[in-house]
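**Q** Take a look at final14.txt, compact mmCIF, C-alpha atoms:
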# COMPACT_ATOMS: atom_id res chain seq x y z
CA MET E 1 31.32 31.58 21.11
CA LYS E 2 28.51 32.29 23.52
CA SER E 3 25.48 30.01 23.69
CA PHE E 4 22.39 31.37 21.96
CA LYS E 5 19.60 28.94 22.90
CA LYS E 6 17.89 31.60 25.02
CA LEU E 7 17.49 33.85 21.97
CA PHE E 8 14.83 31.59 20.47
CA THR E 9 12.09 31.56 23.09
CA GLY E 10 9.95 34.29 21.52
CA LYS E 11 7.30 34.19 18.83
CA THR E 12 8.53 32.94 15.46
CA LYS E 13 7.60 33.66 11.86
CA ALA E 14 6.71 30.42 10.16
CA HIS E 15 6.04 29.06 6.73
CA LYS E 16 5.97 25.58 5.25
CA PRO E 17 8.63 24.90 2.61
CA GLU E 18 8.74 22.12 0.09
CA SER E 19 10.34 19.07 1.67
CA ASN E 20 12.56 16.51 -0.04
CA PHE E 21 12.32 14.14 2.90
CA LYS E 22 9.13 12.38 3.86
CA ILE E 23 8.78 9.06 5.58
CA GLY E 24 6.87 6.70 3.33
CA GLY E 25 5.44 6.90 -0.14
CA SER E 26 8.56 6.57 -2.32
CA GLY E 27 9.46 2.92 -1.99
CA SER E 28 9.45 0.34 -4.79
CA LEU E 29 7.88 -2.64 -3.02
CA LYS E 30 5.50 -4.60 -5.21
CA VAL E 31 2.67 -5.89 -3.03
CA LEU E 32 0.04 -8.25 -4.43
CA ASP E 33 -3.43 -6.85 -5.11
CA VAL E 34 -4.93 -9.68 -3.07
CA ILE E 35 -2.77 -10.60 -0.10
CA PRO E 36 -3.11 -14.09 1.40
CA SER E 37 -3.94 -14.23 5.08
CA PRO E 38 -1.07 -14.36 7.61
CA GLU E 39 -2.17 -17.93 8.35
CA GLU E 40 -1.75 -18.91 4.68
CA ASP E 41 1.62 -17.19 4.44
CA SER E 42 2.82 -18.84 7.64
CA GLU E 43 1.74 -22.27 6.40
CA LYS E 44 3.55 -21.77 3.09
CA LEU E 45 6.70 -20.60 4.88
CA LYS E 46 6.61 -23.64 7.16
CA LYS E 47 6.36 -25.91 4.11
CA ALA E 48 9.25 -24.04 2.48
CA PHE E 49 11.42 -24.92 5.49
CA GLN E 50 10.48 -28.61 5.51
CA GLY E 51 11.71 -31.48 3.37
CA LEU E 52 15.14 -32.26 1.99
CA GLY E 53 15.87 -28.71 0.89
CA THR E 54 14.67 -25.21 1.63
CA ASP E 55 12.41 -23.57 -0.94
CA GLU E 56 14.20 -20.22 -1.18
CA GLU E 57 12.04 -19.04 -4.07
CA GLU E 58 8.86 -19.43 -2.03
CA ILE E 59 10.42 -17.49 0.87
CA ILE E 60 11.34 -14.65 -1.51
CA ASN E 61 7.90 -14.71 -3.16
CA ILE E 62 6.16 -14.32 0.19
CA LEU E 63 8.32 -12.06 2.32
CA GLY E 64 9.66 -10.03 -0.60
CA HIS E 65 6.12 -8.87 -1.45
CA ARG E 66 4.80 -7.97 2.00
CA ASP E 67 4.99 -4.55 3.64
CA ALA E 68 6.04 -3.91 7.24
CA SER E 69 2.58 -4.32 8.76
CA GLN E 70 1.99 -7.54 6.83
CA ARG E 71 5.37 -8.95 7.84
CA LYS E 72 4.57 -8.17 11.47
CA LYS E 73 1.32 -10.16 11.24
CA ILE E 74 3.19 -13.06 9.63
CA ARG E 75 5.78 -13.07 12.43
CA GLU E 76 3.06 -13.08 15.09
CA THR E 77 0.95 -15.71 13.35
CA TYR E 78 3.92 -18.01 12.68
CA GLN E 79 4.84 -17.87 16.37
CA GLN E 80 1.25 -18.67 17.41
CA GLN E 81 0.78 -21.51 14.93
CA TYR E 82 4.10 -23.29 15.36
CA ASN E 83 5.38 -22.10 18.72
CA GLU E 84 8.56 -21.05 16.96
CA SER E 85 10.08 -17.72 16.02
CA LEU E 86 10.02 -17.02 12.30
CA ILE E 87 13.37 -15.24 12.67
CA ASP E 88 14.86 -18.37 14.28
CA ALA E 89 13.47 -20.54 11.49
CA LEU E 90 14.95 -18.27 8.82
CA HIS E 91 18.28 -18.27 10.63
CA SER E 92 18.28 -22.06 10.73
CA GLU E 93 17.24 -22.64 7.11
CA LEU E 94 19.12 -19.91 5.24
CA SER E 95 22.76 -18.90 5.07
CA GLY E 96 25.20 -16.17 4.10
CA ASP E 97 24.25 -12.73 2.85
CA PHE E 98 20.86 -14.03 1.72
CA ARG E 99 20.03 -15.00 5.29
CA LYS E 100 21.12 -11.60 6.64
CA ALA E 101 19.06 -9.73 4.07
CA VAL E 102 15.88 -11.76 4.63
CA ILE E 103 16.15 -11.55 8.41
CA HIS E 104 16.80 -7.80 8.39
CA TRP E 105 13.79 -7.38 6.13
CA THR E 106 11.60 -9.58 8.36
CA TYR E 107 12.51 -7.81 11.61
CA ASP E 108 10.44 -4.93 12.85
CA PRO E 109 12.36 -1.86 11.56
CA SER E 110 13.11 -0.56 15.06
CA GLU E 111 14.45 -3.92 16.19
CA ARG E 112 16.52 -4.22 13.02
CA ASP E 113 18.17 -0.85 13.55
CA ALA E 114 18.70 -1.49 17.25
CA ARG E 115 20.54 -4.72 16.45
CA LEU E 116 22.55 -3.09 13.68
CA ALA E 117 23.54 -0.24 15.99
CA ASN E 118 24.65 -2.70 18.65
CA GLU E 119 26.71 -4.68 16.12
CA ALA E 120 28.35 -1.46 14.97
CA LEU E 121 29.22 -0.32 18.48
CA LYS E 122 30.58 -3.72 19.47
CA SER E 123 32.55 -4.15 16.26
CA LYS E 124 36.33 -4.25 16.41
CA LYS E 125 36.39 -2.10 13.28
CA LYS E 126 37.16 1.51 14.00
CA GLY E 127 36.45 4.63 12.00
CA ILE E 128 33.42 6.38 10.60
CA LYS E 129 32.04 3.66 8.32
CA HIS E 130 30.71 1.49 11.13
CA LEU E 131 28.90 4.46 12.73
CA GLU E 132 26.76 5.11 9.63
CA ILE E 133 23.74 3.27 11.03
CA ILE E 134 23.62 5.52 14.10
CA VAL E 135 23.75 8.68 12.01
CA GLU E 136 21.16 7.29 9.59
CA MET E 137 18.58 6.43 12.23
CA SER E 138 19.14 9.82 13.90
CA CYS E 139 19.25 12.06 10.82
CA ALA E 140 17.60 10.16 7.97
CA SER E 141 14.58 8.72 9.78
CA SER E 142 11.61 10.14 11.63
CA PRO E 143 11.92 11.18 15.30
CA HIS E 144 9.34 8.51 16.11
CA HIS E 145 11.52 5.82 14.57
CA LEU E 146 14.53 6.93 16.61
CA VAL E 147 12.50 6.70 19.82
CA ALA E 148 11.32 3.21 18.82
CA VAL E 149 14.91 2.14 18.14
CA ARG E 150 16.06 3.38 21.55
CA GLN E 151 13.21 1.51 23.23
CA ALA E 152 13.97 -1.67 21.28
CA TYR E 153 17.66 -1.35 22.16
CA CYS E 154 16.89 -1.26 25.89
CA SER E 155 14.43 -4.12 25.63
CA LEU E 156 16.71 -6.39 23.59
CA LEU E 157 20.07 -5.64 25.17
CA ASP E 158 19.35 -4.66 28.79
CA CYS E 159 21.21 -1.38 28.41
CA SER E 160 20.64 1.87 26.58
CA LEU E 161 22.01 2.96 23.24
CA GLU E 162 23.45 6.00 25.00
CA GLU E 163 25.36 3.82 27.47
CA ASP E 164 26.96 1.81 24.69
CA ILE E 165 27.92 4.94 22.76
CA GLU E 166 29.44 6.34 25.94
CA ALA E 167 31.41 3.13 26.52
CA THR E 168 32.65 2.46 22.99
CA VAL E 169 33.01 5.77 21.11
CA SER E 170 35.74 8.26 21.95
CA MET E 171 35.53 12.02 22.02
CA PRO E 172 34.76 14.16 20.10
CA LEU E 173 32.62 11.76 18.03
CA LYS E 174 30.86 10.64 21.20
CA LYS E 175 29.57 14.16 21.89
CA ILE E 176 27.97 14.43 18.47
CA LEU E 177 26.41 10.97 18.50
CA LEU E 178 25.00 11.37 22.01
CA GLY E 179 23.47 14.68 21.00
CA LEU E 180 21.85 13.11 17.97
CA VAL E 181 20.36 10.02 19.63
CA THR E 182 19.09 11.71 22.81
CA SER E 183 17.16 14.56 21.19
CA TYR E 184 13.59 14.49 19.94
CA ARG E 185 13.14 16.72 16.93
CA TYR E 186 9.93 18.50 16.04
CA ASP E 187 8.64 16.48 13.09
CA LYS E 188 6.61 19.09 11.20
CA GLU E 189 7.72 21.17 8.22
CA LEU E 190 7.99 24.42 10.15
CA VAL E 191 10.71 26.96 9.33
CA ASP E 192 11.78 30.26 10.84
CA VAL E 193 13.97 32.04 8.30
CA ASP E 194 15.33 34.51 10.87
CA ILE E 195 16.60 31.67 13.03
CA ALA E 196 17.99 29.90 9.96
CA ASN E 197 20.05 32.97 9.06
CA LEU E 198 21.30 33.44 12.61
CA GLU E 199 22.23 29.79 13.03
CA ALA E 200 23.94 29.73 9.64
CA ASP E 201 26.20 32.49 10.96
CA ARG E 202 26.79 30.59 14.19
CA LEU E 203 27.79 27.47 12.29
CA HIS E 204 30.10 29.50 10.06
CA GLU E 205 31.77 31.05 13.09
CA ALA E 206 32.29 27.63 14.67
CA ILE E 207 33.81 26.26 11.47
CA LYS E 208 36.01 29.32 10.99
CA THR E 209 37.36 29.03 14.55
CA LYS E 210 37.66 25.23 14.26
CA GLU E 211 35.18 24.66 17.09
CA LEU E 212 33.39 21.85 15.28
CA VAL E 213 32.00 20.29 18.46
CA HIS E 214 30.98 23.51 20.15
CA ASP E 215 27.79 23.11 22.18
CA ASP E 216 25.95 25.37 19.74
CA VAL E 217 26.88 23.18 16.77
CA VAL E 218 25.65 20.03 18.51
CA TYR E 219 22.50 21.84 19.66
CA ILE E 220 21.60 23.02 16.16
CA LEU E 221 22.28 19.73 14.38
CA SER E 222 20.58 17.54 16.97
CA THR E 223 17.44 19.52 17.89
CA ARG E 224 16.24 21.48 14.86
CA ASN E 225 13.67 19.85 12.60
CA PHE E 226 14.84 18.68 9.19
CA SER E 227 13.07 21.44 7.23
CA GLN E 228 14.60 24.09 9.49
CA LEU E 229 18.07 22.63 9.04
CA ARG E 230 17.79 22.39 5.28
CA THR E 231 16.86 26.07 5.22
CA THR E 232 19.81 26.83 7.52
CA PHE E 233 22.18 25.00 5.17
CA GLU E 234 20.76 26.94 2.23
CA CYS E 235 21.23 30.23 4.10
CA TYR E 236 24.80 29.20 4.91
CA LYS E 237 25.62 28.64 1.25
CA ASN E 238 23.96 31.88 0.14
CA LYS E 239 25.62 34.02 2.82
CA HIS E 240 29.07 32.46 2.91
CA GLY E 241 29.53 31.30 -0.67
CA CYS E 242 30.20 27.64 -0.03
CA PRO E 243 28.14 24.61 1.07
CA ILE E 244 28.62 23.93 4.77
CA ASP E 245 29.92 20.39 4.25
CA LYS E 246 32.64 21.62 1.89
CA ASP E 247 33.68 24.30 4.38
CA ILE E 248 34.02 21.63 7.06
CA MET E 249 36.13 19.38 4.84
CA LYS E 250 38.54 22.24 4.13
CA PHE E 251 39.97 21.65 7.59
CA GLY E 252 40.82 18.03 6.86
CA LYS E 253 39.33 14.62 6.21
CA GLY E 254 39.60 13.20 9.70
CA ASP E 255 36.91 11.25 11.52
CA LEU E 256 35.30 14.34 13.02
CA GLU E 257 35.00 16.18 9.73
CA SER E 258 33.76 13.03 7.98
CA LEU E 259 31.15 12.38 10.67
CA LEU E 260 29.81 15.93 10.46
CA LYS E 261 29.68 15.72 6.67
CA MET E 262 27.65 12.50 6.98
CA VAL E 263 25.27 14.12 9.48
CA ILE E 264 24.68 17.09 7.17
CA LEU E 265 24.12 14.91 4.09
CA CYS E 266 21.67 12.61 5.90
CA ILE E 267 19.68 15.64 7.01
CA ASP E 268 19.89 17.57 3.75
CA SER E 269 19.44 14.73 1.26
CA PRO E 270 19.03 11.22 2.74
CA GLU E 271 18.38 9.77 -0.71
CA LYS E 272 21.78 11.05 -1.89
CA HIS E 273 23.48 9.58 1.19
CA PHE E 274 22.00 6.14 0.57
CA ALA E 275 22.80 6.32 -3.14
CA GLU E 276 26.43 6.89 -2.16
CA VAL E 277 26.27 4.02 0.37
CA ILE E 278 25.07 1.68 -2.38
CA GLY E 279 27.61 3.03 -4.85
CA THR E 280 30.60 2.61 -2.55
CA SER E 281 29.33 -0.86 -1.62
CA ILE E 282 29.52 -2.21 -5.16
CA ILE E 283 32.05 -0.07 -7.01
CA GLY E 284 35.68 -1.16 -6.88
CA LEU E 285 37.22 -4.37 -5.63
CA GLY E 286 34.88 -6.57 -3.63
CA THR E 287 31.35 -5.92 -2.40
CA ASP E 288 30.32 -4.55 0.99
CA GLU E 289 27.24 -6.73 1.30
CA ASP E 290 26.34 -5.51 4.79
CA SER E 291 26.13 -1.87 3.70
CA LEU E 292 24.35 -2.77 0.47
CA THR E 293 21.75 -4.82 2.35
CA ARG E 294 21.23 -2.14 4.99
CA ALA E 295 20.68 0.59 2.41
CA ILE E 296 18.17 -1.33 0.30
CA VAL E 297 16.29 -2.93 3.18
CA SER E 298 16.05 0.19 5.33
CA ARG E 299 14.95 2.55 2.52
CA GLN E 300 12.73 0.17 0.57
CA GLU E 301 9.50 1.48 2.10
CA ILE E 302 10.71 5.08 2.53
CA ASP E 303 12.44 6.62 -0.48
CA LEU E 304 14.12 3.95 -2.60
CA MET E 305 12.75 5.45 -5.82
CA LYS E 306 14.50 8.72 -4.96
CA VAL E 307 17.67 6.82 -4.03
CA ARG E 308 17.58 5.20 -7.47
CA GLY E 309 17.32 8.62 -9.10
CA GLU E 310 20.20 10.05 -7.06
CA TYR E 311 22.32 7.01 -7.89
CA PHE E 312 21.91 7.75 -11.59
CA ASN E 313 22.73 11.43 -11.05
CA ILE E 314 25.95 10.55 -9.21
CA TYR E 315 27.23 7.52 -11.14
CA LYS E 316 25.50 7.96 -14.52
CA SER E 317 24.42 4.33 -14.48
CA ASN E 318 21.40 2.26 -13.48
CA MET E 319 21.38 1.23 -9.81
CA ASP E 320 19.40 -1.95 -10.40
CA ASP E 321 21.84 -3.11 -13.08
CA ALA E 322 24.76 -2.37 -10.77
CA VAL E 323 23.22 -4.44 -7.96
CA ILE E 324 22.47 -7.31 -10.33
CA GLY E 325 26.01 -7.24 -11.72
CA ASP E 326 27.68 -7.30 -8.32
CA THR E 327 25.60 -9.94 -6.50
CA SER E 328 24.58 -13.51 -7.19
CA GLY E 329 22.25 -16.36 -6.30
CA ASP E 330 19.36 -16.07 -3.87
CA TYR E 331 20.89 -12.94 -2.36
CA ARG E 332 20.67 -11.23 -5.75
CA ARG E 333 17.15 -12.53 -6.35
CA PHE E 334 15.96 -11.17 -3.02
CA LEU E 335 17.52 -7.72 -3.44
CA VAL E 336 16.10 -7.42 -6.96
CA THR E 337 12.67 -8.38 -5.61
CA LEU E 338 12.91 -5.53 -3.11
CA LEU E 339 13.98 -3.24 -5.95
CA GLY E 340 10.77 -4.17 -7.76
CA GLY E 341 12.30 -6.57 -10.28
CA LYS E 342 11.27 -10.07 -11.27
CA ILE E 343 13.08 -13.19 -10.15
CA LYS E 344 12.45 -15.13 -13.36
CA PHE E 345 14.82 -12.89 -15.29
CA LEU E 346 17.66 -13.93 -13.01
CA LEU E 347 17.23 -17.68 -12.97
Let me see whether you can do it: turn the structure in this file into structure tokens.
**A**
Amino acid sequence: MKSFKKLFTGKTKAHKPESNFKIGGSGSLKVLDVIPSPEEDSEKLKKAFQGLGTDEEEIINILGHRDASQRKKIRETYQQQYNESLIDALHSELSGDFRKAVIHWTYDPSERDARLANEALKSKKKGIKHLEIIVEMSCASSPHHLVAVRQAYCSLLDCSLEEDIEATVSMPLKKILLGLVTSYRYDKELVDVDIANLEADRLHEAIKTKELVHDDVVYILSTRNFSQLRTTFECYKNKHGCPIDKDIMKFGKGDLESLLKMVILCIDSPEKHFAEVIGTSIIGLGTDEDSLTRAIVSRQEIDLMKVRGEYFNIYKSNMDDAVIGDTSGDYRRFLVTLLGGKIKFLL
């Protein structure tokens, strides 16, 4: 297959389609009408840490009802007032899955994802599951967030995300992940239908000839804006009679095929991807608390309402009830707070 990047340098025909993926506006966080000052919140948190026992309910009441900008001000104010990191204090006073969830929620989102990506890459676990966070921040978040994550990664870990992917992930998965994290997508809802049709054919040819990591495939999936790609996937289905992800999985269920399927789902319907992450975390034997926490915390201020709807469509049951039934204690109380529930019903 010959490269076709040079074909797309001319003038394009554009229109703006309806988008099912927007950053912000579809979360379920309940923020108080009148928010206490960061100084008040910091003082209450300090008191919650002191004494014979930690006041977990107060911690949930404060942090569980503050948005990202408010949590940032609390972190900064706490550091200034007590010469101590709020994250360090939470780590010292809390434990278990509750501690992980609260800390991930309290982090700046870019720092959280940078740390999660590093944990995934350094993990001894192998396979596709541990690479989810890298695909999610590349394909289910804004281009600006991905840049912020890469900057945070360098700042926190004295090396780049790309270097760690290069060192820890084997081919051909490495080629796809490097393409995803190093690109900067156009972030507007601009679509060229002619290009979508042409690239749908290119993707079909690559799949038919089993060239799943052809340069053209990586180029399309890693550089085109999300609206353009969703239109391309729609053109693929209309022209070739089968959704692109199902065509890919016809060749097997190996790591490469599974990774590409995840990439396509995160681009096409991030809310469906995260509904499936939550579902697989709590259905069956045992609970994958790390994946459950990541899904709820990372999508809370983005599209958690849509995730809840997709969960019902897939599993025909209520997501909140499923989370409540599969968790316990302060961890359950905190997750339900993020879901928009009330702690008193769980005491």
**Q** Rank E:Tyr153, E:Tyr311, E:Phe98, E:Tyr331 by their smallest atom-to-atom distance to Asn118 of chain E, using only C-alpha atoms, and report the top residue only.
**A**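 Selected residue with least distance to Asn118 of chain E: E:Tyr153.
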**Q** With all atoms listed in the file as the basis for distance, which of E:Val193, E:Leu256, E:Ala117, E:Val147 is at the shortest distance from Lys174 of chain E?
**A**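 Smallest distance to Lys174 of chain E is found for E:Leu256.
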**Q** For a quick check of understanding, using all atoms listed in the file, which of E:Glu40, E:His65, E:Asp326, E:Lys124 has the smallest distance to Gly341 of chain E?
**A**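 Residue with the minimum atom-to-atom distance to Gly341 of chain E: E:His65.
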**Q** Which distance in Å separates atom CA of Met319 of chain E and atom CA of Glu271 of chain E, to one decimal?
**A**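 Between these atoms lies a distance of 12.8 Å.
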**Q** To one decimal in Å, tell me the separation between atom CA of Leu90 of chain E and atom CA of Ile283 of chain E.
**A** 29.6 Å
**Q** Take atom CA of Ala167 of chain E and atom CA of Ala120 of chain E and report the distance between them in Å, one decimal.
**A**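 Taking atom CA of Ala167 of chain E as the start and atom CA of Ala120 of chain E as the end point, the length is 12.8 Å.
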**Q** Find the residues around Ala101 of chain E up to 9 Å (all atoms listed in the file counted), leave out those fewer than 6 positions away in its own chain, and share them as a PDB file with C-alpha atoms, in the frame of the given file.
**A**
ATOM      1  CA  ASP E 290      26.340  -5.510   4.790  1.00  0.00           C
ATOM      2  CA  THR E 293      21.750  -4.820   2.350  1.00  0.00           C
ATOM      3  CA  ARG E 294      21.230  -2.140   4.990  1.00  0.00           C
ATOM      4  CA  VAL E 297      16.290  -2.930   3.180  1.00  0.00           C
ATOM      5  CA  TYR E 331      20.890 -12.940  -2.360  1.00  0.00           C
ATOM      6  CA  PHE E 334      15.960 -11.170  -3.020  1.00  0.00           C
ATOM      7  CA  LEU E 335      17.520  -7.720  -3.440  1.00  0.00           C
TER       8      LEU E 335
END
**Q** Which residues come within 10 Å of Val263 of chain E, counting only C-alpha atoms, excluding same-chain residues fewer than 3 positions away, as a list of chain:residue names?
**A** E:Glu132, E:Ile134, E:Val135, E:Glu136, E:Ser138, E:Cys139, E:Ala140, E:Ile176, E:Leu177, E:Leu180, E:Leu221, E:Ser222, E:Asp245, E:Glu257, E:Ser258, E:Leu259, E:Leu260, E:Cys266, E:Ile267, E:Asp268, E:Pro270, E:His273
**Q** Is it possible to get the residues within 9 Å of (23.9, 20.2, 21.4) (coordinates as in the file, counting only C-alpha atoms) written as a list in words?
**A**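 Output of the proximity query reads Lys175, Ile176, Leu178, Gly179, Leu180, Ser183, Val213, His214, Asp215, Asp216, Val217, Val218, Tyr219, Ile220, Leu221, Ser222 and Thr223 of chain E.
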**Q** Which is closer to Val102 of chain E than all the others in E:Arg333, E:Arg299, E:His130, E:Lys73, using all atoms listed in the file?
**A** E:Arg333
**Q** I'd like the neighbourhood of Pro109 of chain E as a PyMOL selection string, where a residue qualifies if any of its atoms comes within 12 Å (using only C-alpha atoms), though same-chain residues fewer than 6 positions away should be ignored.
**A** chain E and resi 67-69+71-72+103+115-116+137+141+144-150+152-153+294+297-302
**Q** Considering only C-alpha atoms, state which residue in the set E:Lys210, E:Lys47, E:Lys122, E:Lys129 is at the smallest distance from Val169 of chain E.
**A**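 Result for the nearest residue to Val169 of chain E: E:Lys122.
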**Q** Hey, what's within 10 Å of Glu43 of chain E if we count only C-alpha atoms and toss same-chain stuff fewer than 6 positions away? As a PyMOL selection string, please?
**A** chain E and resi 37+74+77-78+81-82
**Q** Between E:Lys237, E:Ile278, E:Ala89, E:Ile128, which is the closest to Lys253 of chain E once you count all atoms listed in the file?
**A**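 Distance minimum relative to Lys253 of chain E lands on E:Ile128.
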**Q** Considering all atoms listed in the file, return as a PyMOL selection string whatever protein or nucleic-acid residues lie within 12 Å of Asp201 of chain E, sequence-local ones (same chain, fewer than 6 positions apart) excluded.
**A** chain E and resi 1+4+194-195+207-208+216-217+220+232-240+244
**Q** Once you add 4 Å to each side, what are the centre and edge lengths of the axis-aligned box holding all listed atoms of segment 201-216 of chain E? One decimal in Å, as lines of an AutoDock Vina configuration file, if you can.
**A**
center_x = 31.8
center_y = 26.4
center_z = 16.1
size_x = 19.7
size_y = 20.2
size_z = 20.1
